[in-house]
$ cat upload17.cif   # mmCIF, C-alpha atoms
data_structure
loop_
_atom_site.group_PDB
_atom_site.id
_atom_site.type_symbol
_atom_site.label_atom_id
_atom_site.label_comp_id
_atom_site.auth_asym_id
_atom_site.auth_seq_id
_atom_site.Cartn_x
_atom_site.Cartn_y
_atom_site.Cartn_z
ATOM 1 C CA MET A 1 23.112 -9.657 17.934
ATOM 2 C CA THR A 2 20.665 -6.913 18.765
ATOM 3 C CA THR A 3 17.399 -5.711 17.258
ATOM 4 C CA ILE A 4 17.584 -3.763 14.000
ATOM 5 C CA LEU A 5 15.587 -0.539 13.881
ATOM 6 C CA TYR A 6 14.636 0.782 10.452
ATOM 7 C CA SER A 7 13.311 4.290 9.879
ATOM 8 C CA HIS A 8 13.886 7.281 7.615
ATOM 9 C CA PRO A 9 13.178 11.042 7.618
ATOM 10 C CA ASP A 10 11.079 10.587 4.463
ATOM 11 C CA CYS A 11 8.458 8.913 6.657
ATOM 12 C CA LEU A 12 8.124 12.179 8.595
ATOM 13 C CA ALA A 13 7.790 14.234 5.398
ATOM 14 C CA HIS A 14 4.517 12.493 4.480
ATOM 15 C CA ASP A 15 2.106 15.328 5.336
ATOM 16 C CA THR A 16 -1.517 14.334 5.945
ATOM 17 C CA GLY A 17 -2.720 17.837 6.740
ATOM 18 C CA TYR A 18 -4.170 19.592 9.744
ATOM 19 C CA ASP A 19 -5.634 17.429 12.515
ATOM 20 C CA HIS A 20 -5.323 14.117 10.640
ATOM 21 C CA PRO A 21 -4.859 11.203 13.086
ATOM 22 C CA GLU A 22 -2.054 9.632 11.049
ATOM 23 C CA SER A 23 0.307 12.585 11.402
ATOM 24 C CA PRO A 24 4.124 12.842 11.570
ATOM 25 C CA THR A 25 3.743 13.686 15.277
ATOM 26 C CA ARG A 26 3.032 10.087 16.179
ATOM 27 C CA LEU A 27 6.217 8.740 14.600
ATOM 28 C CA LYS A 28 8.266 11.657 15.951
ATOM 29 C CA ALA A 29 7.138 10.786 19.475
ATOM 30 C CA LEU A 30 8.100 7.142 19.071
ATOM 31 C CA LEU A 31 11.489 7.902 17.532
ATOM 32 C CA ALA A 32 12.259 10.385 20.303
ATOM 33 C CA LYS A 33 11.508 7.718 22.904
ATOM 34 C CA LEU A 34 13.750 5.249 21.094
ATOM 35 C CA GLN A 35 16.630 7.722 21.356
ATOM 36 C CA GLU A 36 16.779 7.222 25.126
ATOM 37 C CA GLN A 37 19.830 5.538 26.614
ATOM 38 C CA GLU A 38 18.181 2.169 27.205
ATOM 39 C CA PHE A 39 17.836 1.795 23.421
ATOM 40 C CA ALA A 40 21.455 2.663 22.636
ATOM 41 C CA ALA A 41 22.205 -0.912 21.572
ATOM 42 C CA LEU A 42 19.700 -0.829 18.689
ATOM 43 C CA ASP A 43 21.264 -1.374 15.286
ATOM 44 C CA ARG A 44 19.818 1.719 13.555
ATOM 45 C CA ARG A 45 19.580 1.550 9.780
ATOM 46 C CA PRO A 46 17.999 3.846 7.188
ATOM 47 C CA ALA A 47 14.941 2.342 5.545
ATOM 48 C CA PRO A 48 15.744 1.860 1.861
ATOM 49 C CA PRO A 49 13.114 2.422 -0.825
ATOM 50 C CA ALA A 50 11.363 -0.695 -2.055
ATOM 51 C CA ALA A 51 12.006 -1.873 -5.587
ATOM 52 C CA ARG A 52 8.929 -1.762 -7.778
ATOM 53 C CA VAL A 53 9.168 -5.508 -8.332
ATOM 54 C CA GLN A 54 8.801 -6.016 -4.566
ATOM 55 C CA ILE A 55 5.624 -3.949 -4.492
ATOM 56 C CA SER A 56 4.270 -5.578 -7.655
ATOM 57 C CA ARG A 57 4.219 -8.990 -5.969
ATOM 58 C CA VAL A 58 1.285 -7.644 -3.943
ATOM 59 C CA HIS A 59 -0.212 -4.664 -5.761
ATOM 60 C CA GLU A 60 -1.546 -4.488 -9.289
ATOM 61 C CA ALA A 61 0.484 -2.400 -11.745
ATOM 62 C CA ARG A 62 -2.466 -0.144 -12.544
ATOM 63 C CA TYR A 63 -2.952 0.552 -8.868
ATOM 64 C CA MET A 64 0.714 1.385 -8.364
ATOM 65 C CA GLU A 65 0.620 3.883 -11.222
ATOM 66 C CA LYS A 66 -2.597 5.382 -9.864
ATOM 67 C CA VAL A 67 -0.919 5.923 -6.487
ATOM 68 C CA PHE A 68 2.147 7.595 -7.956
ATOM 69 C CA ALA A 69 0.016 9.781 -10.221
ATOM 70 C CA ALA A 70 -2.135 10.904 -7.281
ATOM 71 C CA VAL A 71 0.781 12.491 -5.423
ATOM 72 C CA PRO A 72 0.489 16.263 -5.995
ATOM 73 C CA THR A 73 3.360 18.548 -6.926
ATOM 74 C CA SER A 74 2.363 20.827 -4.046
ATOM 75 C CA GLY A 75 -0.104 20.804 -1.182
ATOM 76 C CA GLU A 76 -2.222 17.775 -0.345
ATOM 77 C CA ALA A 77 -4.637 15.470 -2.147
ATOM 78 C CA ASN A 78 -7.117 12.806 -1.108
ATOM 79 C CA ILE A 79 -6.166 9.462 -2.577
ATOM 80 C CA SER A 80 -9.232 7.976 -0.853
ATOM 81 C CA PRO A 81 -11.735 9.538 1.554
ATOM 82 C CA ASP A 82 -9.531 9.006 4.617
ATOM 83 C CA THR A 83 -6.073 8.773 3.040
ATOM 84 C CA ILE A 84 -4.260 12.014 2.243
ATOM 85 C CA VAL A 85 -1.005 12.389 0.331
ATOM 86 C CA SER A 86 1.335 15.342 -0.135
ATOM 87 C CA ASN A 87 4.134 16.221 -2.510
ATOM 88 C CA LYS A 88 6.694 14.330 -0.400
ATOM 89 C CA SER A 89 4.616 11.217 0.233
ATOM 90 C CA THR A 90 6.181 8.969 -2.405
ATOM 91 C CA GLY A 91 9.395 8.607 -0.430
ATOM 92 C CA ALA A 92 7.430 7.560 2.647
ATOM 93 C CA PHE A 93 5.416 4.924 0.728
ATOM 94 C CA MET A 94 8.506 3.443 -0.838
ATOM 95 C CA ARG A 95 10.624 3.411 2.322
ATOM 96 C CA ALA A 96 7.845 2.008 4.518
ATOM 97 C CA ALA A 97 7.562 -0.961 2.169
ATOM 98 C CA GLY A 98 11.305 -1.143 1.617
ATOM 99 C CA SER A 99 12.063 -1.235 5.325
ATOM 100 C CA VAL A 100 10.162 -4.500 5.751
ATOM 101 C CA CYS A 101 11.952 -6.078 2.789
ATOM 102 C CA ALA A 102 15.318 -4.923 4.151
ATOM 103 C CA ALA A 103 14.410 -6.374 7.541
ATOM 104 C CA VAL A 104 13.597 -9.699 5.906
ATOM 105 C CA ASP A 105 16.976 -9.704 4.156
ATOM 106 C CA ALA A 106 18.805 -8.927 7.389
ATOM 107 C CA ILE A 107 16.940 -11.463 9.524
ATOM 108 C CA ILE A 108 17.167 -14.297 7.008
ATOM 109 C CA GLY A 109 20.808 -13.347 6.417
ATOM 110 C CA GLY A 110 21.536 -13.877 10.119
ATOM 111 C CA GLU A 111 22.445 -10.257 10.885
ATOM 112 C CA ALA A 112 19.957 -10.155 13.777
ATOM 113 C CA LEU A 113 17.154 -12.223 15.229
ATOM 114 C CA ASN A 114 14.449 -9.592 14.886
ATOM 115 C CA SER A 115 13.711 -6.126 13.591
ATOM 116 C CA PHE A 116 11.281 -3.252 14.078
ATOM 117 C CA CYS A 117 10.337 -0.898 11.247
ATOM 118 C CA ALA A 118 9.380 2.512 12.664
ATOM 119 C CA VAL A 119 7.792 3.837 9.507
ATOM 120 C CA ARG A 120 4.636 5.415 8.160
ATOM 121 C CA PRO A 121 2.169 5.370 6.525
ATOM 122 C CA PRO A 122 0.767 2.112 7.914
ATOM 123 C CA GLY A 123 -0.242 -0.619 5.491
ATOM 124 C CA HIS A 124 -2.578 -3.310 6.781
ATOM 125 C CA HIS A 125 -5.811 -1.860 5.325
ATOM 126 C CA ALA A 126 -4.389 -1.624 1.791
ATOM 127 C CA SER A 127 -5.497 -4.420 -0.518
ATOM 128 C CA MET A 128 -4.131 -5.409 -3.919
ATOM 129 C CA ALA A 129 -5.855 -2.522 -5.681
ATOM 130 C CA SER A 130 -7.255 -0.130 -3.099
ATOM 131 C CA THR A 131 -6.188 2.501 -0.611
ATOM 132 C CA MET A 132 -7.990 2.552 2.725
ATOM 133 C CA GLY A 133 -7.650 3.600 6.326
ATOM 134 C CA PHE A 134 -4.539 5.808 5.942
ATOM 135 C CA CYS A 135 -2.771 2.897 4.136
ATOM 136 C CA VAL A 136 -1.366 3.003 0.596
ATOM 137 C CA PHE A 137 0.899 -0.022 0.110
ATOM 138 C CA ASN A 138 0.556 -3.068 2.345
ATOM 139 C CA ASN A 139 4.009 -3.041 3.923
ATOM 140 C CA VAL A 140 3.778 -6.327 5.789
ATOM 141 C CA ALA A 141 2.285 -8.177 2.809
ATOM 142 C CA ILE A 142 5.121 -6.895 0.619
ATOM 143 C CA GLY A 143 7.555 -8.220 3.223
ATOM 144 C CA VAL A 144 5.802 -11.583 3.286
ATOM 145 C CA GLU A 145 6.064 -11.949 -0.470
ATOM 146 C CA HIS A 146 9.710 -10.885 -0.369
ATOM 147 C CA ALA A 147 10.391 -13.649 2.150
ATOM 148 C CA ARG A 148 8.646 -16.164 -0.093
ATOM 149 C CA HIS A 149 9.772 -15.103 -3.562
ATOM 150 C CA GLY A 150 13.064 -13.456 -2.655
ATOM 151 C CA HIS A 151 14.224 -16.099 -0.179
ATOM 152 C CA GLY A 152 12.170 -19.175 -0.968
ATOM 153 C CA LEU A 153 10.438 -19.549 2.396
ATOM 154 C CA GLY A 154 7.340 -21.732 2.469
ATOM 155 C CA ARG A 155 5.185 -21.047 5.523
ATOM 156 C CA VAL A 156 4.881 -17.448 6.690
ATOM 157 C CA ALA A 157 2.691 -16.091 9.500
ATOM 158 C CA VAL A 158 1.414 -12.589 10.205
ATOM 159 C CA VAL A 159 0.004 -11.559 13.588
ATOM 160 C CA ASP A 160 -1.846 -8.241 13.653
ATOM 161 C CA PHE A 161 -2.607 -6.764 17.075
ATOM 162 C CA ASP A 162 -3.687 -3.357 15.801
ATOM 163 C CA VAL A 163 -7.098 -2.528 17.277
ATOM 164 C CA HIS A 164 -8.530 -2.312 13.746
ATOM 165 C CA HIS A 165 -8.867 -5.470 11.691
ATOM 166 C CA GLY A 166 -6.152 -5.881 9.054
ATOM 167 C CA ASN A 167 -8.643 -6.377 6.258
ATOM 168 C CA GLY A 168 -6.165 -5.644 3.469
ATOM 169 C CA THR A 169 -3.677 -8.270 4.621
ATOM 170 C CA GLU A 170 -6.491 -10.788 5.027
ATOM 171 C CA ALA A 171 -7.831 -10.068 1.534
ATOM 172 C CA ILE A 172 -4.395 -10.506 -0.052
ATOM 173 C CA PHE A 173 -3.750 -13.908 1.539
ATOM 174 C CA ARG A 174 -7.210 -15.293 2.284
ATOM 175 C CA ASN A 175 -6.909 -18.043 -0.366
ATOM 176 C CA ASP A 176 -3.249 -18.885 0.245
ATOM 177 C CA PRO A 177 -2.751 -21.771 2.697
ATOM 178 C CA ALA A 178 0.991 -21.055 2.931
ATOM 179 C CA VAL A 179 0.361 -17.735 4.707
ATOM 180 C CA MET A 180 -1.398 -17.585 8.073
ATOM 181 C CA VAL A 181 -2.937 -14.238 9.036
ATOM 182 C CA ALA A 182 -4.100 -13.874 12.647
ATOM 183 C CA SER A 183 -5.749 -10.685 13.898
ATOM 184 C CA ILE A 184 -7.035 -9.644 17.316
ATOM 185 C CA HIS A 185 -9.089 -6.473 17.024
ATOM 186 C CA GLN A 186 -12.089 -4.584 18.325
ATOM 187 C CA ALA A 187 -15.360 -5.740 16.805
ATOM 188 C CA MET A 188 -17.794 -3.422 15.061
ATOM 189 C CA ILE A 189 -15.443 -0.535 14.368
ATOM 190 C CA PHE A 190 -13.585 0.436 11.202
ATOM 191 C CA PRO A 191 -13.260 -1.383 8.835
ATOM 192 C CA MET A 192 -16.263 -3.425 10.033
ATOM 193 C CA SER A 193 -14.661 -6.761 9.095
ATOM 194 C CA GLY A 194 -12.781 -9.583 10.765
ATOM 195 C CA ALA A 195 -15.610 -11.815 11.925
ATOM 196 C CA ARG A 196 -14.620 -15.003 13.696
ATOM 197 C CA SER A 197 -16.342 -16.930 10.900
ATOM 198 C CA ASP A 198 -13.956 -15.494 8.288
ATOM 199 C CA THR A 199 -11.371 -18.261 8.069
ATOM 200 C CA GLY A 200 -10.173 -18.143 4.453
ATOM 201 C CA VAL A 201 -8.928 -21.597 3.487
ATOM 202 C CA GLY A 202 -8.232 -22.374 7.131
ATOM 203 C CA ASN A 203 -5.345 -19.893 7.209
ATOM 204 C CA ILE A 204 -7.218 -16.894 8.624
ATOM 205 C CA VAL A 205 -7.699 -16.505 12.393
ATOM 206 C CA ASN A 206 -9.880 -13.602 13.523
ATOM 207 C CA VAL A 207 -10.313 -12.825 17.216
ATOM 208 C CA PRO A 208 -12.749 -9.910 17.567
ATOM 209 C CA VAL A 209 -13.152 -8.473 21.072
ATOM 210 C CA VAL A 210 -15.904 -6.195 22.295
ATOM 211 C CA ARG A 211 -15.320 -2.593 23.307
ATOM 212 C CA ASN A 212 -13.808 -2.008 26.753
ATOM 213 C CA THR A 213 -12.466 -5.522 27.031
ATOM 214 C CA SER A 214 -10.260 -5.800 30.097
ATOM 215 C CA ALA A 215 -6.552 -6.376 29.590
ATOM 216 C CA VAL A 216 -6.910 -9.713 31.375
ATOM 217 C CA ASN A 217 -9.550 -10.913 28.938
ATOM 218 C CA PHE A 218 -7.666 -9.494 25.955
ATOM 219 C CA ARG A 219 -4.567 -11.439 26.958
ATOM 220 C CA ALA A 220 -6.622 -14.580 27.548
ATOM 221 C CA ALA A 221 -8.117 -14.403 24.046
ATOM 222 C CA PHE A 222 -4.701 -13.832 22.492
ATOM 223 C CA GLU A 223 -3.149 -16.722 24.383
ATOM 224 C CA ALA A 224 -5.998 -19.171 23.793
ATOM 225 C CA GLU A 225 -6.902 -18.419 20.180
ATOM 226 C CA ILE A 226 -3.774 -17.146 18.432
ATOM 227 C CA ILE A 227 -0.735 -18.762 20.051
ATOM 228 C CA PRO A 228 -1.843 -22.411 19.616
ATOM 229 C CA ARG A 229 -2.741 -21.817 15.973
ATOM 230 C CA LEU A 230 0.668 -20.264 15.329
ATOM 231 C CA LEU A 231 2.446 -23.204 16.910
ATOM 232 C CA GLU A 232 0.346 -25.617 14.854
ATOM 233 C CA PHE A 233 1.111 -23.704 11.645
ATOM 234 C CA ASN A 234 4.844 -23.703 12.464
ATOM 235 C CA PRO A 235 5.969 -20.730 10.334
ATOM 236 C CA GLU A 236 9.467 -20.250 8.960
ATOM 237 C CA ILE A 237 9.328 -16.516 9.754
ATOM 238 C CA LEU A 238 6.882 -14.437 11.796
ATOM 239 C CA PHE A 239 5.687 -10.936 10.930
ATOM 240 C CA ILE A 240 3.911 -8.563 13.314
ATOM 241 C CA SER A 241 1.584 -5.778 12.236
ATOM 242 C CA ALA A 242 2.264 -3.783 15.380
ATOM 243 C CA GLY A 243 -0.510 -1.305 15.972
ATOM 244 C CA PHE A 244 -0.677 0.297 19.416
ATOM 245 C CA ASP A 245 -4.186 1.753 19.195
ATOM 246 C CA ALA A 246 -5.636 -0.772 21.637
ATOM 247 C CA HIS A 247 -4.031 1.432 24.309
ATOM 248 C CA LEU A 248 -6.560 2.877 26.751
ATOM 249 C CA SER A 249 -5.702 6.466 25.682
ATOM 250 C CA ASP A 250 -6.125 5.986 21.943
ATOM 251 C CA PRO A 251 -8.830 8.239 20.449
ATOM 252 C CA LEU A 252 -9.918 5.872 17.661
ATOM 253 C CA ALA A 253 -10.981 2.822 19.676
ATOM 254 C CA ASP A 254 -12.226 1.602 23.064
ATOM 255 C CA GLN A 255 -9.753 -0.882 24.526
ATOM 256 C CA LYS A 256 -7.925 -0.947 27.849
ATOM 257 C CA LEU A 257 -4.356 -2.011 27.135
ATOM 258 C CA ALA A 258 -1.271 -0.495 28.766
ATOM 259 C CA PRO A 259 2.364 -0.737 27.648
ATOM 260 C CA ALA A 260 2.856 -3.850 29.791
ATOM 261 C CA ASP A 261 0.253 -5.657 27.701
ATOM 262 C CA PHE A 262 2.187 -4.953 24.512
ATOM 263 C CA THR A 263 5.311 -6.242 26.252
ATOM 264 C CA TRP A 264 3.444 -9.431 27.099
ATOM 265 C CA MET A 265 2.126 -9.965 23.557
ATOM 266 C CA THR A 266 5.585 -9.360 22.140
ATOM 267 C CA GLU A 267 7.094 -11.907 24.506
ATOM 268 C CA GLN A 268 4.446 -14.450 23.564
ATOM 269 C CA LEU A 269 5.225 -13.997 19.872
ATOM 270 C CA MET A 270 8.968 -14.129 20.492
ATOM 271 C CA SER A 271 8.453 -17.484 22.186
ATOM 272 C CA VAL A 272 6.631 -18.759 19.109
ATOM 273 C CA ALA A 273 9.427 -17.474 16.884
ATOM 274 C CA GLU A 274 11.995 -19.227 19.055
ATOM 275 C CA ILE A 275 10.143 -22.530 18.874
ATOM 276 C CA CYS A 276 9.190 -22.419 15.198
ATOM 277 C CA CYS A 277 11.595 -20.357 13.160
ATOM 278 C CA GLY A 278 14.911 -19.777 14.837
ATOM 279 C CA ASN A 279 13.692 -16.500 16.386
ATOM 280 C CA ARG A 280 13.156 -14.899 12.958
ATOM 281 C CA LEU A 281 10.684 -12.064 13.526
ATOM 282 C CA VAL A 282 9.954 -8.849 11.610
ATOM 283 C CA SER A 283 7.684 -6.219 13.153
ATOM 284 C CA THR A 284 6.370 -3.070 11.491
ATOM 285 C CA LEU A 285 4.402 -0.144 12.862
ATOM 286 C CA GLU A 286 0.725 0.127 12.004
ATOM 287 C CA GLY A 287 -1.638 2.305 14.081
ATOM 288 C CA GLY A 288 -1.490 4.173 17.361
ATOM 289 C CA TYR A 289 -2.936 7.676 17.358
ATOM 290 C CA ASP A 290 -2.166 9.123 20.767
ATOM 291 C CA PRO A 291 1.502 10.131 20.341
ATOM 292 C CA ALA A 292 2.449 9.702 24.001
ATOM 293 C CA ALA A 293 0.704 6.333 24.255
ATOM 294 C CA LEU A 294 2.291 5.208 20.999
ATOM 295 C CA ALA A 295 5.734 6.206 22.251
ATOM 296 C CA GLN A 296 5.329 4.305 25.520
ATOM 297 C CA SER A 297 3.736 1.232 23.930
ATOM 298 C CA GLY A 298 6.085 1.089 20.956
ATOM 299 C CA ALA A 299 9.042 1.411 23.316
ATOM 300 C CA ALA A 300 7.677 -1.481 25.380
ATOM 301 C CA HIS A 301 7.472 -3.565 22.202
ATOM 302 C CA VAL A 302 11.032 -2.735 21.135
ATOM 303 C CA ARG A 303 12.365 -3.234 24.665
ATOM 304 C CA ALA A 304 10.940 -6.748 24.620
ATOM 305 C CA LEU A 305 12.380 -7.449 21.151
ATOM 306 C CA MET A 306 15.830 -6.450 22.415
ATOM 307 C CA ARG A 307 15.670 -9.082 25.174
ATOM 308 C CA HIS A 308 16.022 -12.057 22.846
#
$ encode --input "upload17.cif" --output "structure tokens"
Amino acid sequence: MTTILYSHPDCLAHDTGYDHPESPTRLKALLAKLQEQEFAALDRRPAPPAARVQISRVHEARYMEKVFAAVPTSGEANISPDTIVSNKSTGAFMRAAGSVCAAVDAIIGGEALNSFCAVRPPGHHASMASTMGFCVFNNVAIGVEHARHGHGLGRVAVVDFDVHHGNGTEAIFRNDPAVMVASIHQAMIFPMSGARSDTGVGNIVNVPVVRNTSAVNFRAAFEAEIIPRLLEFNPEILFISAGFDAHLSDPLADQKLAPADFTWMTEQLMSVAEICCGNRLVSTLEGGYDPAALAQSGAAHVRALMRH
């Protein structure tokens, strides 16, 4: 079995306007890299649209209707100060969420050990009833609830290594002891959350790092503070919010990671998945705003996933 790659052209049709960081260019660069010969063995599947019931397990009905109503018939519109939608955005929202649910079905069904969803827009800043930080629906949270309610899993873990704290995912699950949410992120940047003291009901693990943290120290924090907690929690499936904006070239943060560091984190998480949950792992793209850096780092992540 190889890694399943989900994506869809609708995710490229989501137009955020001139000079917006979360542009189609970033996903185009990653998909082009994943067309290279070394990735020929990927099981490539079109991301299906999510069913509304899958989204409604996370997002309030009024919020869902507000999102759909905000999509313009032409041009672009601000759905929140930093989140722009266009007339073709609905397909991207639905397929980004649907890809994670489809990945859950495939992984739990034994079709592969892991999957990567190369989709946009990202999701980890979206809460139950708010859009934020380029995110509309919380893709990974929708996948988590699909694993629980669609497949009856009990303990589910999410690890978020995007450089920005996954505040939406934390807010959705902060009072749910059956879902562990661990985030390593740069402190004191958007969204100005994710303090170490924020622990939910013991299920939230926040590892803030200061700006310009060396890769050595970043790895040490990840290994010391996230991996043991994951092993203790012993999830039945592991999700990754895979943001690549901790790369040293990313314009929206100040970290020092290189593609090899994303390889290392992926391998660490694959080891946890092997020990705890029969290798079951679902990863979905979050941030990463330098297209070339995203392509190299995302490829490193997928390359590692393929070596199970």
$ resolve_selection --input "upload17.cif" --expression "the PyMOL selection byres ((chain A and resi 122) around 8)" --output "count of residues only"
14
$ atom_distance --input "upload17.cif" --atom1 "atom CA of A:Arg280" --atom2 "atom CA of A:Ile237"
5.2 Å
$ atom_distance --input "upload17.cif" --atom1 "atom CA of A:Ser197" --atom2 "atom CA of A:Ala220"
19.4 Å
$ closest_residue --input "upload17.cif" --among "A:His14, A:Arg44, A:His301, A:Arg196" --to "A:Thr90" --atoms "only C-alpha atoms"
A:His14
$ atom_distance --input "upload17.cif" --atom1 "atom CA of A:Val302" --atom2 "atom CA of A:Asp254"
23.7 Å
$ closest_atom_pairs --input "upload17.cif" --of "stretch 207-251 of chain A" --to "stretch 290-296 of chain A" --cutoff "7 Å" --atoms "only C-alpha atoms" --output "tab-separated table"
residue	atom	partner	partner_atom	distance
A:Phe244	CA	A:Leu294	CA	6.0
A:His247	CA	A:Ala293	CA	6.8
A:Ser249	CA	A:Ala293	CA	6.6
A:Asp250	CA	A:Asp290	CA	5.2
A:Pro251	CA	A:Asp290	CA	6.7
$ write_last_selection --input "upload17.cif" --atoms "C-alpha atoms" --output "JSON list (two decimals), keeping the file's coordinate frame"
[["chain", "number", "residue", "atom", "x", "y", "z"],
["A", 244, "PHE", "CA", -0.68, 0.30, 19.42],
["A", 247, "HIS", "CA", -4.03, 1.43, 24.31],
["A", 249, "SER", "CA", -5.70, 6.47, 25.68],
["A", 250, "ASP", "CA", -6.12, 5.99, 21.94],
["A", 251, "PRO", "CA", -8.83, 8.24, 20.45]]
$ residues_around --input "upload17.cif" --residues "A:Glu267" --least-positions-apart "5" --cutoff "12 Å" --atoms "all atoms listed in the file" --output "PDB file with C-alpha atoms, keeping the file's coordinate frame"
ATOM      1  CA  ARG A 219      -4.567 -11.439  26.958  1.00  0.00           C
ATOM      2  CA  GLU A 223      -3.149 -16.722  24.383  1.00  0.00           C
ATOM      3  CA  ILE A 227      -0.735 -18.762  20.051  1.00  0.00           C
ATOM      4  CA  ALA A 260       2.856  -3.850  29.791  1.00  0.00           C
ATOM      5  CA  ASP A 261       0.253  -5.657  27.701  1.00  0.00           C
ATOM      6  CA  PHE A 262       2.187  -4.953  24.512  1.00  0.00           C
ATOM      7  CA  VAL A 272       6.631 -18.759  19.109  1.00  0.00           C
ATOM      8  CA  ALA A 273       9.427 -17.474  16.884  1.00  0.00           C
ATOM      9  CA  GLU A 274      11.995 -19.227  19.055  1.00  0.00           C
ATOM     10  CA  ASN A 279      13.692 -16.500  16.386  1.00  0.00           C
ATOM     11  CA  LEU A 281      10.684 -12.064  13.526  1.00  0.00           C
ATOM     12  CA  ALA A 300       7.677  -1.481  25.380  1.00  0.00           C
ATOM     13  CA  HIS A 301       7.472  -3.565  22.202  1.00  0.00           C
ATOM     14  CA  VAL A 302      11.032  -2.735  21.135  1.00  0.00           C
ATOM     15  CA  ARG A 303      12.365  -3.234  24.665  1.00  0.00           C
ATOM     16  CA  ALA A 304      10.940  -6.748  24.620  1.00  0.00           C
ATOM     17  CA  LEU A 305      12.380  -7.449  21.151  1.00  0.00           C
ATOM     18  CA  MET A 306      15.830  -6.450  22.415  1.00  0.00           C
ATOM     19  CA  ARG A 307      15.670  -9.082  25.174  1.00  0.00           C
ATOM     20  CA  HIS A 308      16.022 -12.057  22.846  1.00  0.00           C
TER      21      HIS A 308
END
$ build_atoms --input "upload17.cif" --residues "stretch 172-187 of chain A" --atoms "N, CA and C atoms" --output "short mmCIF file (atom, residue, chain, number, x, y, z; two decimals), in the coordinates of the input"
data_model
loop_
_atom_site.label_atom_id
_atom_site.label_comp_id
_atom_site.auth_asym_id
_atom_site.auth_seq_id
_atom_site.Cartn_x
_atom_site.Cartn_y
_atom_site.Cartn_z
N ILE A 172 -5.51 -10.11 0.81
CA ILE A 172 -4.39 -10.51 -0.05
C ILE A 172 -4.09 -11.99 0.08
N PHE A 173 -4.19 -12.53 1.29
CA PHE A 173 -3.75 -13.91 1.54
C PHE A 173 -4.87 -14.89 1.86
N ARG A 174 -6.12 -14.46 1.77
CA ARG A 174 -7.21 -15.29 2.28
C ARG A 174 -7.32 -16.64 1.57
N ASN A 175 -6.82 -16.78 0.36
CA ASN A 175 -6.91 -18.04 -0.37
C ASN A 175 -5.56 -18.73 -0.50
N ASP A 176 -4.60 -18.35 0.34
CA ASP A 176 -3.25 -18.89 0.24
C ASP A 176 -2.92 -19.67 1.52
N PRO A 177 -2.97 -20.98 1.47
CA PRO A 177 -2.75 -21.77 2.70
C PRO A 177 -1.33 -21.69 3.23
N ALA A 178 -0.39 -21.15 2.46
CA ALA A 178 0.99 -21.06 2.93
C ALA A 178 1.23 -19.82 3.79
N VAL A 179 0.23 -18.94 3.89
CA VAL A 179 0.36 -17.74 4.71
C VAL A 179 -0.77 -17.71 5.73
N MET A 180 -0.42 -17.72 6.99
CA MET A 180 -1.40 -17.58 8.07
C MET A 180 -1.49 -16.12 8.48
N VAL A 181 -2.71 -15.61 8.58
CA VAL A 181 -2.94 -14.24 9.04
C VAL A 181 -3.85 -14.29 10.26
N ALA A 182 -3.33 -13.88 11.41
CA ALA A 182 -4.10 -13.87 12.65
C ALA A 182 -4.26 -12.44 13.13
N SER A 183 -5.48 -12.06 13.48
CA SER A 183 -5.75 -10.68 13.90
C SER A 183 -6.61 -10.68 15.15
N ILE A 184 -6.19 -9.92 16.16
CA ILE A 184 -7.04 -9.64 17.32
C ILE A 184 -7.37 -8.17 17.26
N HIS A 185 -8.65 -7.83 17.31
CA HIS A 185 -9.09 -6.47 17.02
C HIS A 185 -10.44 -6.22 17.67
N GLN A 186 -10.78 -4.94 17.77
CA GLN A 186 -12.09 -4.58 18.32
C GLN A 186 -13.17 -4.83 17.28
N ALA A 187 -14.24 -5.46 17.70
CA ALA A 187 -15.36 -5.74 16.80
C ALA A 187 -16.19 -4.49 16.56
#
